[in-house]
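Visitor: Below are the structure tokens for one structure; questions will follow.
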Amino acid sequence: MRVVHYLNQFFAGLGGEDQAGTPPTLREEPIGPGRRLQALIGEHEIVATVFCGDDYAAGTPGAAEQILALARSAGAELIVAGPAFTSGRYGLACASVVAAAAREGLPALASMHPENPGIEEAGGAPVIESGATGREMAVSLERLAAATVKLAAGEPLGAAEGRVGKLPRRNVLVSESAAARAVELALARLGGDREATEIPLPSVEHITPAAPIADPGQALIAILTEGGLVPAGNPDRLESARATKWVRYEIAGLDSANAPDFQSVHGGFATTWANEDPNRMLPLDVARELEREGAIGRLHSEYFSTAGNGTPVASAKRFGIEWAAELHKANVAAVVLTAT
Amino acid sequence: MERAGIPTALLCNLVGIAQRVGAPRIVPTRGIPYPTGDPSLDRERERAYRRRLVEQALVAISTPVSEPTIFDSALTAQEA
Amino acid sequence: MQRIVHDVRSVEFGEQTRFEGGHLCVARSEVTSLCSDPSLATVRASWVSPGESARIVGPLDAVEPRAKGRGSAGGVFPGFVAPALPGGAGATHVLRGSAVVVAGFLPRAQEAVIEMSGEAAALSPLAATHNLVIEFEPAPDAPWEEVEAALRRGALRLAAHLADAALDAEPDAIEELPGLAAPDPGGPPRAALVVNLQTQGAFKDVFVYGRSMAGALPTLIEPGELEDGAVVSGQYGHPGLKNPTYLHQNNPVIAALRARSDVALGALILCPEPVDQATKELVSAHAARLCRACGVDFAIVTKEGGGNADSDMALKMDMIEDLGMPAVGLFAEMSGPDGTGAPLVAPPARATAMVSTGNYDERIALERVERALGRERIALADADATAALELPTAVIYAALSPLGWGRLTCRELGQCA
């Protein structure tokens, strides 16, 4: 099969954060880790690589479709994306690309760590487990290559092939009626088996917590909110429900979030109290006090805001990935996030 | 943000949901419309409560945790 | 009681309604007179049989022809055909392998499809029966509620009349149906079957002895009462999740319990599905107490409808378990077209044993058919009723049967049995 490989700007050898805005670009050969991948997938040819900056890929609407179009222009019959390890924007980009490919009926698979926050963007497209960091590139590529070969042969990819993330649930006709299965299940439960079920309960998502900061009095800390707090007049038109974006505003030099300078546009609760005293949503007054006293080293000069009302989980995850990237760039060490 | 290595104190009212989605550092608040407020208190007491809430958040971000953990120094108890 | 079974092997229209040697002949004039009502301008009957390249579009209710034997007390469909008194004793004749199916447009009736051949045929119980399809035109200015009531009366009368034709025929089988098993320390474990019925008013109601259960508390009945048509469906939403009268008459869970000797039916409880949280909790708590009062060892809970009905299921299952009895529920999943969404919106918290009747959203391909009945177009697909289509499984009539008729389940890709 003719394979096209997707990479971010870093693994394509362009550079780091400074190149994160690179638009989708096509090169008609394997690049970087793609060369090793080519060696491992044998008869299938990586006819091209599409690479793109993480900011562009994760943040620009339609980026996945643009990347897909470039891949198709090179004759892609199968798309491989990553490995993205735990890199959030890269994982999000890889997942979006393979999801877009799957929607168009093009076989595609991505590689990333199971805890990569972008993993759910992949929808029904397979994601193969990678290590946590680039140090595990070799073993990650081996697993990805094996899965690629299977996908090219039309075989399904399951847990045995290293598939992670949500496994799609498919309708299957079995020999026993649901009624008969219910009786069987009831007798099993009566007999002490409290685990058996055909529908698993939603599992508690596992997030590996970040290490704590040693001393808030030495740290750069940001205060952020999901409560839809914006400057009065909502200049950037943050939506009250099903928000498609987040917004950011300067708070340098401000000692307090005063009415009438701020308002909450969140549609999920009565905003009267927050509008009366916006510090009830963004605790700027006490944060400044703590900063003056040395309990907070320094308060970040911006705050981020979005409205978490009917927001699809996938969007909220995307905002979180983007916030993390922005905070990293600004060297923010920790966050206080108010939620409603 | 936690996955990206930035410890994050989540100030929220629906603690059960925060636990279910795996938020590691949770600071309970008194109401959905006012995460860092309590309109039943007079201004001075409310600001004092807000300060203690944010201090609790600072404790949360400087404490190691391995699973969803609630940081609450009985702040949710109503005051006289 | 006894089921006197007559297998229907072939069908036609003729001068007289007769049943002989497995062959059912129906007189069109009798269909017209039995369905005659001021709110119906015309009524048209057609036969459609299993395996035909045919599709019924917009099926409403489906009823199995049944009649009480001579000398049996009471009649069938109490409250509509027979007087409203509990039946369930004596002998009931059944024309197995046939059904009366009303099809056409009613407001709030979600478009459904019964595919008589091809892959989708395995998904609907009505694809395996010779269906007497009743199409209709409402009378001008007739209120829709009256049209619907008239169709129901007509279909039930027709079903009883067809089975009457078999009263003297040599049966193909006589099935002894045990009643409820009394508590017995040495006997097999006893199940409560808790049947939730939709009670949302016009076009979304289910009748018990001709009455809605809206506003009622749960009640106990005997399995024979279901056999004799005490529960009749007037619910036309959610096609894949519909419980037609046909399946109330042939309750799959009761059949599954009867098929085994290591378990018995100890209680049969009917419950409304209220639309507000407080009433849901009251009804569910009460149903759990009825289970306890009947001294059953475990409960199986079924529903009708989508996510709203799931919350009734969850409440009942948790409350029954809290009283010390294991509970199992039958649920359809709503995992999205690619199967990666959360299966359930409102799962139980403590009662974790659930049977899956399949993913509602998974799409299925239907081939072009030669003949369609019921409606001329399928609005959902904006296509001709006979066209080749792709539809969510949710549109196939009773495909996700909440009463447990179907053999669909969900498996994760790559998962073995």
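Chains: A, B, ... in order of the structure tokens. Residues: from 1 per chain. Ligands: from 1, in order shown.
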Compile a residue-level contact table for chain A against chain B at a cut-off of 7 Å, reporting for every qualifying residue the shortest atom pair and its distance in Å to one decimal, with only C-alpha atoms counted, rows ordered by chain and ascending number, as JSON lines.

Guide:
```
{"residue": "A:Val204", "atom": "CA", "partner": "B:Arg20", "partner_atom": "CA", "distance": 5.2}
{"residue": "A:Glu205", "atom": "CA", "partner": "B:Gly22", "partner_atom": "CA", "distance": 5.3}
{"residue": "A:His206", "atom": "CA", "partner": "B:Gly22", "partner_atom": "CA", "distance": 5.6}
{"residue": "A:Ile207", "atom": "CA", "partner": "B:Gly22", "partner_atom": "CA", "distance": 5.8}
{"residue": "A:Thr208", "atom": "CA", "partner": "B:Arg3", "partner_atom": "CA", "distance": 6.3}
{"residue": "A:Pro209", "atom": "CA", "partner": "B:Glu2", "partner_atom": "CA", "distance": 5.5}
{"residue": "A:Ala210", "atom": "CA", "partner": "B:Gly5", "partner_atom": "CA", "distance": 4.5}
{"residue": "A:Ala211", "atom": "CA", "partner": "B:Pro64", "partner_atom": "CA", "distance": 6.0}
{"residue": "A:Pro212", "atom": "CA", "partner": "B:Ser62", "partner_atom": "CA", "distance": 4.5}
{"residue": "A:Ile213", "atom": "CA", "partner": "B:Ser62", "partner_atom": "CA", "distance": 4.8}
{"residue": "A:Ala214", "atom": "CA", "partner": "B:Ser62", "partner_atom": "CA", "distance": 5.8}
{"residue": "A:Asp215", "atom": "CA", "partner": "B:Ser62", "partner_atom": "CA", "distance": 6.5}
{"residue": "A:Pro216", "atom": "CA", "partner": "B:Leu58", "partner_atom": "CA", "distance": 6.5}
{"residue": "A:Phe269", "atom": "CA", "partner": "B:Pro33", "partner_atom": "CA", "distance": 6.1}
{"residue": "A:Ala270", "atom": "CA", "partner": "B:Pro33", "partner_atom": "CA", "distance": 6.4}
{"residue": "A:Thr271", "atom": "CA", "partner": "B:Pro33", "partner_atom": "CA", "distance": 6.4}
{"residue": "A:Trp273", "atom": "CA", "partner": "B:Tyr34", "partner_atom": "CA", "distance": 6.5}
{"residue": "A:Ala274", "atom": "CA", "partner": "B:Tyr34", "partner_atom": "CA", "distance": 6.1}
{"residue": "A:Asn279", "atom": "CA", "partner": "B:Thr36", "partner_atom": "CA", "distance": 7.0}
{"residue": "A:Arg280", "atom": "CA", "partner": "B:Gly37", "partner_atom": "CA", "distance": 4.4}
{"residue": "A:Met281", "atom": "CA", "partner": "B:Thr36", "partner_atom": "CA", "distance": 5.7}
{"residue": "A:Pro283", "atom": "CA", "partner": "B:Thr36", "partner_atom": "CA", "distance": 6.2}
{"residue": "A:Val286", "atom": "CA", "partner": "B:Arg51", "partner_atom": "CA", "distance": 5.3}
{"residue": "A:Gly320", "atom": "CA", "partner": "B:Met1", "partner_atom": "CA", "distance": 6.0}
{"residue": "A:Ile321", "atom": "CA", "partner": "B:Met1", "partner_atom": "CA", "distance": 6.7}
{"residue": "A:Ala324", "atom": "CA", "partner": "B:Met1", "partner_atom": "CA", "distance": 4.9}
{"residue": "A:Ala333", "atom": "CA", "partner": "B:Ile6", "partner_atom": "CA", "distance": 5.9}
{"residue": "A:Ala334", "atom": "CA", "partner": "B:Pro7", "partner_atom": "CA", "distance": 5.0}
{"residue": "A:Val335", "atom": "CA", "partner": "B:Thr8", "partner_atom": "CA", "distance": 4.6}
{"residue": "A:Val336", "atom": "CA", "partner": "B:Ala9", "partner_atom": "CA", "distance": 4.9}
{"residue": "A:Leu337", "atom": "CA", "partner": "B:Leu10", "partner_atom": "CA", "distance": 5.0}
{"residue": "A:Thr338", "atom": "CA", "partner": "B:Leu11", "partner_atom": "CA", "distance": 4.7}
{"residue": "A:Ala339", "atom": "CA", "partner": "B:Cys12", "partner_atom": "CA", "distance": 5.0}
{"residue": "A:Thr340", "atom": "CA", "partner": "B:Ile32", "partner_atom": "CA", "distance": 4.5}
```

Visitor: Taking only C-alpha atoms into account, which residues of chain C are within 6 Å of chain A, as a list in words?

Guide: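 Putting it all together, I get Pro252, Val253, Ala256, Val328, Asp338, Gly339, Thr340, Ala353, Met354, Val355, Ser356, Gly358, Gly404, Trp405, Gly406, Arg407, Leu408, Thr409, Cys410, Arg411, Glu412, Leu413 and Gly414 of chain C.
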
Visitor: Mind writing the picked residues with all heavy atoms as a compact mmCIF listing (two decimals), in the first residue's frame?

Guide:
```txt
# COMPACT_ATOMS: atom_id res chain seq x y z
N PRO C 252 -40.68 -12.42 25.94
CA PRO C 252 -39.46 -13.22 25.78
C PRO C 252 -38.80 -13.63 27.10
O PRO C 252 -38.20 -14.70 27.18
CB PRO C 252 -38.53 -12.31 24.98
CG PRO C 252 -39.40 -11.26 24.38
CD PRO C 252 -40.54 -11.09 25.30
N VAL C 253 -38.89 -12.79 28.13
CA VAL C 253 -38.23 -13.14 29.39
C VAL C 253 -38.98 -14.30 30.05
O VAL C 253 -38.38 -15.25 30.56
CB VAL C 253 -38.12 -11.94 30.35
CG1 VAL C 253 -37.49 -12.37 31.66
CG2 VAL C 253 -37.31 -10.83 29.71
N ALA C 256 -37.98 -17.34 28.32
CA ALA C 256 -36.62 -17.77 28.68
C ALA C 256 -36.62 -18.44 30.06
O ALA C 256 -35.90 -19.42 30.28
CB ALA C 256 -35.67 -16.57 28.67
N VAL C 328 -31.06 -7.57 37.23
CA VAL C 328 -30.45 -7.48 35.91
C VAL C 328 -31.36 -6.65 35.03
O VAL C 328 -32.58 -6.81 35.07
CB VAL C 328 -30.28 -8.89 35.29
CG1 VAL C 328 -29.87 -8.79 33.82
CG2 VAL C 328 -29.24 -9.69 36.06
N ASP C 338 -20.03 5.24 15.40
CA ASP C 338 -18.79 4.44 15.36
C ASP C 338 -18.59 3.62 16.63
O ASP C 338 -17.57 2.98 16.80
CB ASP C 338 -17.56 5.31 15.06
CG ASP C 338 -17.31 6.35 16.15
OD1 ASP C 338 -17.81 6.19 17.28
OD2 ASP C 338 -16.60 7.33 15.87
N GLY C 339 -19.55 3.62 17.52
CA GLY C 339 -19.50 2.75 18.68
C GLY C 339 -18.52 3.16 19.76
O GLY C 339 -18.21 2.37 20.64
N THR C 340 -18.04 4.42 19.72
CA THR C 340 -17.07 4.80 20.74
C THR C 340 -17.66 5.73 21.80
O THR C 340 -16.98 6.11 22.74
CB THR C 340 -15.86 5.53 20.13
OG1 THR C 340 -16.33 6.66 19.37
CG2 THR C 340 -15.08 4.62 19.21
N ALA C 353 -25.14 -5.38 36.69
CA ALA C 353 -25.32 -6.44 35.69
C ALA C 353 -26.33 -6.00 34.64
O ALA C 353 -27.51 -5.88 34.92
CB ALA C 353 -25.78 -7.73 36.37
N MET C 354 -25.83 -5.77 33.44
CA MET C 354 -26.70 -5.29 32.38
C MET C 354 -26.53 -6.12 31.11
O MET C 354 -25.41 -6.49 30.75
CB MET C 354 -26.37 -3.83 32.06
CG MET C 354 -26.67 -2.90 33.23
SD MET C 354 -26.16 -1.22 32.86
CE MET C 354 -24.46 -1.29 33.41
N VAL C 355 -27.65 -6.40 30.44
CA VAL C 355 -27.61 -7.07 29.15
C VAL C 355 -27.72 -6.00 28.08
O VAL C 355 -28.50 -5.06 28.22
CB VAL C 355 -28.77 -8.09 29.03
CG1 VAL C 355 -28.95 -8.57 27.60
CG2 VAL C 355 -28.52 -9.27 29.95
N SER C 356 -26.93 -6.13 27.03
CA SER C 356 -27.00 -5.17 25.93
C SER C 356 -27.86 -5.73 24.82
O SER C 356 -27.66 -6.86 24.38
CB SER C 356 -25.59 -4.91 25.39
OG SER C 356 -25.67 -4.14 24.21
N GLY C 358 -27.91 -4.16 21.96
CA GLY C 358 -27.29 -3.64 20.74
C GLY C 358 -27.14 -2.14 20.75
O GLY C 358 -27.70 -1.45 21.60
N GLY C 404 -36.28 -8.14 25.23
CA GLY C 404 -35.28 -9.19 25.13
C GLY C 404 -35.52 -10.21 24.03
O GLY C 404 -34.90 -11.28 24.04
N TRP C 405 -36.35 -9.88 23.05
CA TRP C 405 -36.60 -10.83 21.97
C TRP C 405 -35.36 -11.08 21.12
O TRP C 405 -35.10 -12.19 20.66
CB TRP C 405 -37.73 -10.31 21.05
CG TRP C 405 -37.93 -11.18 19.86
CD1 TRP C 405 -38.70 -12.30 19.78
CD2 TRP C 405 -37.30 -11.03 18.58
NE1 TRP C 405 -38.61 -12.86 18.53
CE2 TRP C 405 -37.75 -12.10 17.77
CE3 TRP C 405 -36.40 -10.12 18.03
CZ2 TRP C 405 -37.33 -12.27 16.44
CZ3 TRP C 405 -35.99 -10.29 16.72
CH2 TRP C 405 -36.45 -11.35 15.94
N GLY C 406 -34.57 -9.99 20.88
CA GLY C 406 -33.51 -10.03 19.87
C GLY C 406 -32.24 -10.75 20.30
O GLY C 406 -32.00 -10.98 21.48
N ARG C 407 -31.43 -11.08 19.33
CA ARG C 407 -30.15 -11.73 19.58
C ARG C 407 -28.97 -10.78 19.37
O ARG C 407 -27.82 -11.18 19.33
CB ARG C 407 -30.00 -12.98 18.70
CG ARG C 407 -31.03 -14.06 19.03
CD ARG C 407 -30.87 -15.31 18.19
NE ARG C 407 -31.17 -15.09 16.79
CZ ARG C 407 -30.29 -15.17 15.80
NH1 ARG C 407 -29.01 -15.46 16.05
NH2 ARG C 407 -30.65 -14.95 14.55
N LEU C 408 -29.26 -9.48 19.28
CA LEU C 408 -28.18 -8.51 19.15
C LEU C 408 -27.53 -8.27 20.49
O LEU C 408 -28.18 -8.28 21.53
CB LEU C 408 -28.72 -7.17 18.66
CG LEU C 408 -28.81 -6.87 17.19
CD1 LEU C 408 -29.23 -5.42 17.00
CD2 LEU C 408 -27.49 -7.13 16.47
N THR C 409 -26.23 -8.04 20.45
CA THR C 409 -25.54 -7.52 21.62
C THR C 409 -24.40 -6.67 21.09
O THR C 409 -24.22 -6.57 19.88
CB THR C 409 -25.02 -8.66 22.53
OG1 THR C 409 -24.51 -8.08 23.74
CG2 THR C 409 -23.90 -9.44 21.85
N CYS C 410 -23.64 -6.03 21.98
CA CYS C 410 -22.47 -5.27 21.55
C CYS C 410 -21.22 -5.94 22.07
O CYS C 410 -21.16 -6.35 23.22
CB CYS C 410 -22.51 -3.85 22.10
SG CYS C 410 -23.43 -2.73 21.07
N ARG C 411 -20.23 -6.02 21.20
CA ARG C 411 -18.92 -6.49 21.62
C ARG C 411 -17.91 -5.44 21.22
O ARG C 411 -18.06 -4.80 20.17
CB ARG C 411 -18.56 -7.81 20.92
CG ARG C 411 -19.51 -8.95 21.26
CD ARG C 411 -18.86 -9.95 22.21
NE ARG C 411 -19.83 -10.90 22.73
CZ ARG C 411 -20.18 -12.02 22.11
NH1 ARG C 411 -19.64 -12.33 20.94
NH2 ARG C 411 -21.07 -12.82 22.66
N GLU C 412 -16.87 -5.31 22.02
CA GLU C 412 -15.81 -4.40 21.62
C GLU C 412 -15.00 -5.04 20.52
O GLU C 412 -14.76 -6.25 20.54
CB GLU C 412 -14.90 -4.07 22.80
CG GLU C 412 -15.55 -3.04 23.71
CD GLU C 412 -14.71 -2.66 24.88
OE1 GLU C 412 -13.62 -3.25 25.07
OE2 GLU C 412 -15.14 -1.77 25.62
N LEU C 413 -14.60 -4.23 19.56
CA LEU C 413 -13.82 -4.73 18.44
C LEU C 413 -12.60 -5.48 18.97
O LEU C 413 -11.86 -4.98 19.80
CB LEU C 413 -13.35 -3.54 17.62
CG LEU C 413 -13.14 -3.76 16.14
CD1 LEU C 413 -14.41 -4.25 15.50
CD2 LEU C 413 -12.72 -2.46 15.51
N GLY C 414 -12.39 -6.70 18.49
CA GLY C 414 -11.24 -7.47 18.93
C GLY C 414 -11.52 -8.30 20.17
O GLY C 414 -10.69 -9.08 20.59
```

Visitor: Which residue, A:Val332, A:Ala295, A:Ile119, A:Val3, has the smallest gap to Leu106 (chain A) when you use only C-alpha atoms?

Guide: A:Val3

Visitor: Mind checking which residues fall within 6 Å of region 1-11 of chain C, counting only C-alpha atoms, ignoring those fewer than 4 positions away in the same chain, and posting them as a PyMOL selection string?

Guide: chain C and resi 22-25+89-97+171-177

Visitor: Let me see the file: selected residues, N, CA, C and O atoms, as a PDB file, in the first residue's frame.

Guide:
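Result file follows (selection-v8.pdb):
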```pdb
ATOM      1  N   GLY C  22     -52.926 -25.397   8.099  1.00  0.00           N
ATOM      2  CA  GLY C  22     -51.839 -24.428   8.090  1.00  0.00           C
ATOM      3  C   GLY C  22     -52.051 -23.277   7.117  1.00  0.00           C
ATOM      4  O   GLY C  22     -51.225 -22.382   7.004  1.00  0.00           O
ATOM      5  N   HIS C  23     -53.168 -23.304   6.404  1.00  0.00           N
ATOM      6  CA  HIS C  23     -53.408 -22.265   5.411  1.00  0.00           C
ATOM      7  C   HIS C  23     -54.468 -21.299   5.918  1.00  0.00           C
ATOM      8  O   HIS C  23     -55.561 -21.702   6.293  1.00  0.00           O
ATOM      9  N   LEU C  24     -54.134 -20.022   5.952  1.00  0.00           N
ATOM     10  CA  LEU C  24     -55.053 -19.004   6.459  1.00  0.00           C
ATOM     11  C   LEU C  24     -55.574 -18.163   5.297  1.00  0.00           C
ATOM     12  O   LEU C  24     -54.803 -17.541   4.568  1.00  0.00           O
ATOM     13  N   CYS C  25     -56.884 -18.177   5.167  1.00  0.00           N
ATOM     14  CA  CYS C  25     -57.504 -17.389   4.108  1.00  0.00           C
ATOM     15  C   CYS C  25     -58.341 -16.306   4.767  1.00  0.00           C
ATOM     16  O   CYS C  25     -59.065 -16.582   5.718  1.00  0.00           O
ATOM     17  N   ALA C  89     -56.719 -17.852  32.083  1.00  0.00           N
ATOM     18  CA  ALA C  89     -56.948 -19.245  32.469  1.00  0.00           C
ATOM     19  C   ALA C  89     -57.522 -19.979  31.258  1.00  0.00           C
ATOM     20  O   ALA C  89     -57.920 -19.360  30.276  1.00  0.00           O
ATOM     21  N   GLY C  90     -57.573 -21.275  31.356  1.00  0.00           N
ATOM     22  CA  GLY C  90     -58.180 -22.063  30.278  1.00  0.00           C
ATOM     23  C   GLY C  90     -57.275 -22.155  29.071  1.00  0.00           C
ATOM     24  O   GLY C  90     -56.053 -22.109  29.187  1.00  0.00           O
ATOM     25  N   ALA C  91     -57.877 -22.263  27.893  1.00  0.00           N
ATOM     26  CA  ALA C  91     -57.106 -22.484  26.672  1.00  0.00           C
ATOM     27  C   ALA C  91     -57.173 -21.256  25.776  1.00  0.00           C
ATOM     28  O   ALA C  91     -58.231 -20.649  25.628  1.00  0.00           O
ATOM     29  N   THR C  92     -56.050 -20.903  25.214  1.00  0.00           N
ATOM     30  CA  THR C  92     -55.988 -19.787  24.257  1.00  0.00           C
ATOM     31  C   THR C  92     -55.417 -20.303  22.951  1.00  0.00           C
ATOM     32  O   THR C  92     -54.338 -20.904  22.933  1.00  0.00           O
ATOM     33  N   HIS C  93     -56.172 -20.123  21.868  1.00  0.00           N
ATOM     34  CA  HIS C  93     -55.708 -20.544  20.545  1.00  0.00           C
ATOM     35  C   HIS C  93     -54.814 -19.461  19.953  1.00  0.00           C
ATOM     36  O   HIS C  93     -55.112 -18.274  20.063  1.00  0.00           O
ATOM     37  N   VAL C  94     -53.732 -19.893  19.316  1.00  0.00           N
ATOM     38  CA  VAL C  94     -52.755 -18.955  18.756  1.00  0.00           C
ATOM     39  C   VAL C  94     -52.479 -19.310  17.302  1.00  0.00           C
ATOM     40  O   VAL C  94     -52.203 -20.474  17.005  1.00  0.00           O
ATOM     41  N   LEU C  95     -52.590 -18.340  16.408  1.00  0.00           N
ATOM     42  CA  LEU C  95     -52.166 -18.555  15.027  1.00  0.00           C
ATOM     43  C   LEU C  95     -50.697 -18.157  14.946  1.00  0.00           C
ATOM     44  O   LEU C  95     -50.354 -17.008  14.640  1.00  0.00           O
ATOM     45  N   ARG C  96     -49.837 -19.120  15.244  1.00  0.00           N
ATOM     46  CA  ARG C  96     -48.411 -18.798  15.322  1.00  0.00           C
ATOM     47  C   ARG C  96     -47.825 -18.618  13.935  1.00  0.00           C
ATOM     48  O   ARG C  96     -48.128 -19.384  13.027  1.00  0.00           O
ATOM     49  N   GLY C  97     -46.990 -17.612  13.815  1.00  0.00           N
ATOM     50  CA  GLY C  97     -46.379 -17.365  12.507  1.00  0.00           C
ATOM     51  C   GLY C  97     -47.174 -16.367  11.696  1.00  0.00           C
ATOM     52  O   GLY C  97     -46.953 -16.220  10.495  1.00  0.00           O
ATOM     53  N   PRO C 171     -54.783 -28.969  16.443  1.00  0.00           N
ATOM     54  CA  PRO C 171     -53.626 -28.130  16.776  1.00  0.00           C
ATOM     55  C   PRO C 171     -52.297 -28.753  16.349  1.00  0.00           C
ATOM     56  O   PRO C 171     -52.185 -29.975  16.256  1.00  0.00           O
ATOM     57  N   ASP C 172     -51.315 -27.915  16.119  1.00  0.00           N
ATOM     58  CA  ASP C 172     -49.960 -28.404  15.846  1.00  0.00           C
ATOM     59  C   ASP C 172     -49.216 -28.684  17.145  1.00  0.00           C
ATOM     60  O   ASP C 172     -48.292 -29.489  17.183  1.00  0.00           O
ATOM     61  N   ALA C 173     -49.610 -28.002  18.217  1.00  0.00           N
ATOM     62  CA  ALA C 173     -48.960 -28.231  19.511  1.00  0.00           C
ATOM     63  C   ALA C 173     -49.890 -27.727  20.605  1.00  0.00           C
ATOM     64  O   ALA C 173     -50.674 -26.812  20.391  1.00  0.00           O
ATOM     65  N   ILE C 174     -49.778 -28.342  21.771  1.00  0.00           N
ATOM     66  CA  ILE C 174     -50.476 -27.821  22.959  1.00  0.00           C
ATOM     67  C   ILE C 174     -49.404 -27.530  23.986  1.00  0.00           C
ATOM     68  O   ILE C 174     -48.645 -28.434  24.376  1.00  0.00           O
ATOM     69  N   GLU C 175     -49.298 -26.298  24.388  1.00  0.00           N
ATOM     70  CA  GLU C 175     -48.248 -25.909  25.325  1.00  0.00           C
ATOM     71  C   GLU C 175     -48.874 -25.605  26.675  1.00  0.00           C
ATOM     72  O   GLU C 175     -49.793 -24.803  26.786  1.00  0.00           O
ATOM     73  N   GLU C 176     -48.394 -26.290  27.684  1.00  0.00           N
ATOM     74  CA  GLU C 176     -48.868 -26.041  29.043  1.00  0.00           C
ATOM     75  C   GLU C 176     -48.076 -24.872  29.605  1.00  0.00           C
ATOM     76  O   GLU C 176     -46.847 -24.910  29.613  1.00  0.00           O
ATOM     77  N   LEU C 177     -48.774 -23.869  30.072  1.00  0.00           N
ATOM     78  CA  LEU C 177     -48.082 -22.699  30.614  1.00  0.00           C
ATOM     79  C   LEU C 177     -48.289 -22.649  32.124  1.00  0.00           C
ATOM     80  O   LEU C 177     -49.406 -22.432  32.587  1.00  0.00           O
TER      81      LEU C 177
END
```

Visitor: Just want the 12 Å neighbourhood of Pro86 (chain C), counted on only C-alpha atoms, with same-chain residues fewer than 5 positions away dropped. Output as a list of chain:residue names.

Guide: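 The contact residues come out as C:Ala73, C:Gly74, C:Gly75, C:Val76, C:Phe77, C:Pro78, C:Gly79, C:Val208, C:Tyr209, C:Gly210, C:Leu220, C:Ile221, C:Glu222, C:Pro223, C:Gly224, C:Glu225, C:Leu226, C:Glu227, C:Asp228, C:Gly229, C:Ala230, C:Val231.
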
Visitor: Can you spit out the residues from that selection as a CSV table (one decimal), in the first residue's frame, using N, CA and C atoms?

Guide:
```csv
chain,number,residue,atom,x,y,z
C,73,ALA,N,-63.2,-19.2,30.2
C,73,ALA,CA,-63.7,-18.0,30.7
C,73,ALA,C,-63.1,-16.8,30.1
C,74,GLY,N,-63.8,-15.7,30.0
C,74,GLY,CA,-63.2,-14.5,29.5
C,74,GLY,C,-62.9,-14.5,28.0
C,75,GLY,N,-62.2,-13.5,27.5
C,75,GLY,CA,-61.9,-13.4,26.1
C,75,GLY,C,-60.5,-12.8,26.0
C,76,VAL,N,-60.2,-12.5,24.8
C,76,VAL,CA,-58.9,-11.8,24.6
C,76,VAL,C,-59.0,-10.3,24.5
C,77,PHE,N,-57.9,-9.7,24.7
C,77,PHE,CA,-57.8,-8.2,24.6
C,77,PHE,C,-58.9,-7.6,25.5
C,78,PRO,N,-58.9,-7.9,26.8
C,78,PRO,CA,-59.9,-7.4,27.7
C,78,PRO,C,-59.7,-5.9,27.8
C,79,GLY,N,-60.9,-5.2,27.8
C,79,GLY,CA,-60.9,-3.7,27.8
C,79,GLY,C,-61.0,-3.2,26.4
C,208,VAL,N,-53.4,-1.2,29.8
C,208,VAL,CA,-53.5,-2.4,30.6
C,208,VAL,C,-55.0,-2.5,30.9
C,209,TYR,N,-55.7,-3.6,30.4
C,209,TYR,CA,-57.1,-3.7,30.5
C,209,TYR,C,-57.8,-2.4,29.9
C,210,GLY,N,-57.2,-1.9,28.9
C,210,GLY,CA,-57.9,-0.8,28.2
C,210,GLY,C,-57.6,0.5,28.8
C,220,LEU,N,-49.4,-6.1,40.3
C,220,LEU,CA,-49.0,-7.5,40.0
C,220,LEU,C,-50.0,-8.1,39.1
C,221,ILE,N,-49.6,-8.9,38.1
C,221,ILE,CA,-50.5,-9.7,37.3
C,221,ILE,C,-49.9,-11.1,37.1
C,222,GLU,N,-50.7,-11.9,36.5
C,222,GLU,CA,-50.2,-13.3,36.2
C,222,GLU,C,-49.8,-13.4,34.7
C,223,PRO,N,-48.9,-14.3,34.4
C,223,PRO,CA,-48.4,-14.4,33.0
C,223,PRO,C,-49.5,-14.7,32.0
C,224,GLY,N,-50.5,-15.4,32.5
C,224,GLY,CA,-51.6,-15.8,31.6
C,224,GLY,C,-52.4,-14.5,31.1
C,225,GLU,N,-52.4,-13.5,31.9
C,225,GLU,CA,-53.1,-12.2,31.5
C,225,GLU,C,-52.3,-11.6,30.3
C,226,LEU,N,-51.0,-11.7,30.3
C,226,LEU,CA,-50.3,-11.2,29.2
C,226,LEU,C,-50.6,-12.0,27.9
C,227,GLU,N,-50.7,-13.3,28.1
C,227,GLU,CA,-51.0,-14.2,27.0
C,227,GLU,C,-52.4,-13.8,26.3
C,228,ASP,N,-53.3,-13.4,27.2
C,228,ASP,CA,-54.6,-13.1,26.7
C,228,ASP,C,-54.8,-11.6,26.3
C,229,GLY,N,-53.7,-10.9,26.2
C,229,GLY,CA,-53.7,-9.6,25.6
C,229,GLY,C,-54.1,-8.5,26.6
C,230,ALA,N,-53.8,-8.6,27.9
C,230,ALA,CA,-54.2,-7.5,28.8
C,230,ALA,C,-53.4,-6.3,28.6
C,231,VAL,N,-52.2,-6.4,28.0
C,231,VAL,CA,-51.3,-5.3,27.7
C,231,VAL,C,-51.3,-5.1,26.2
```
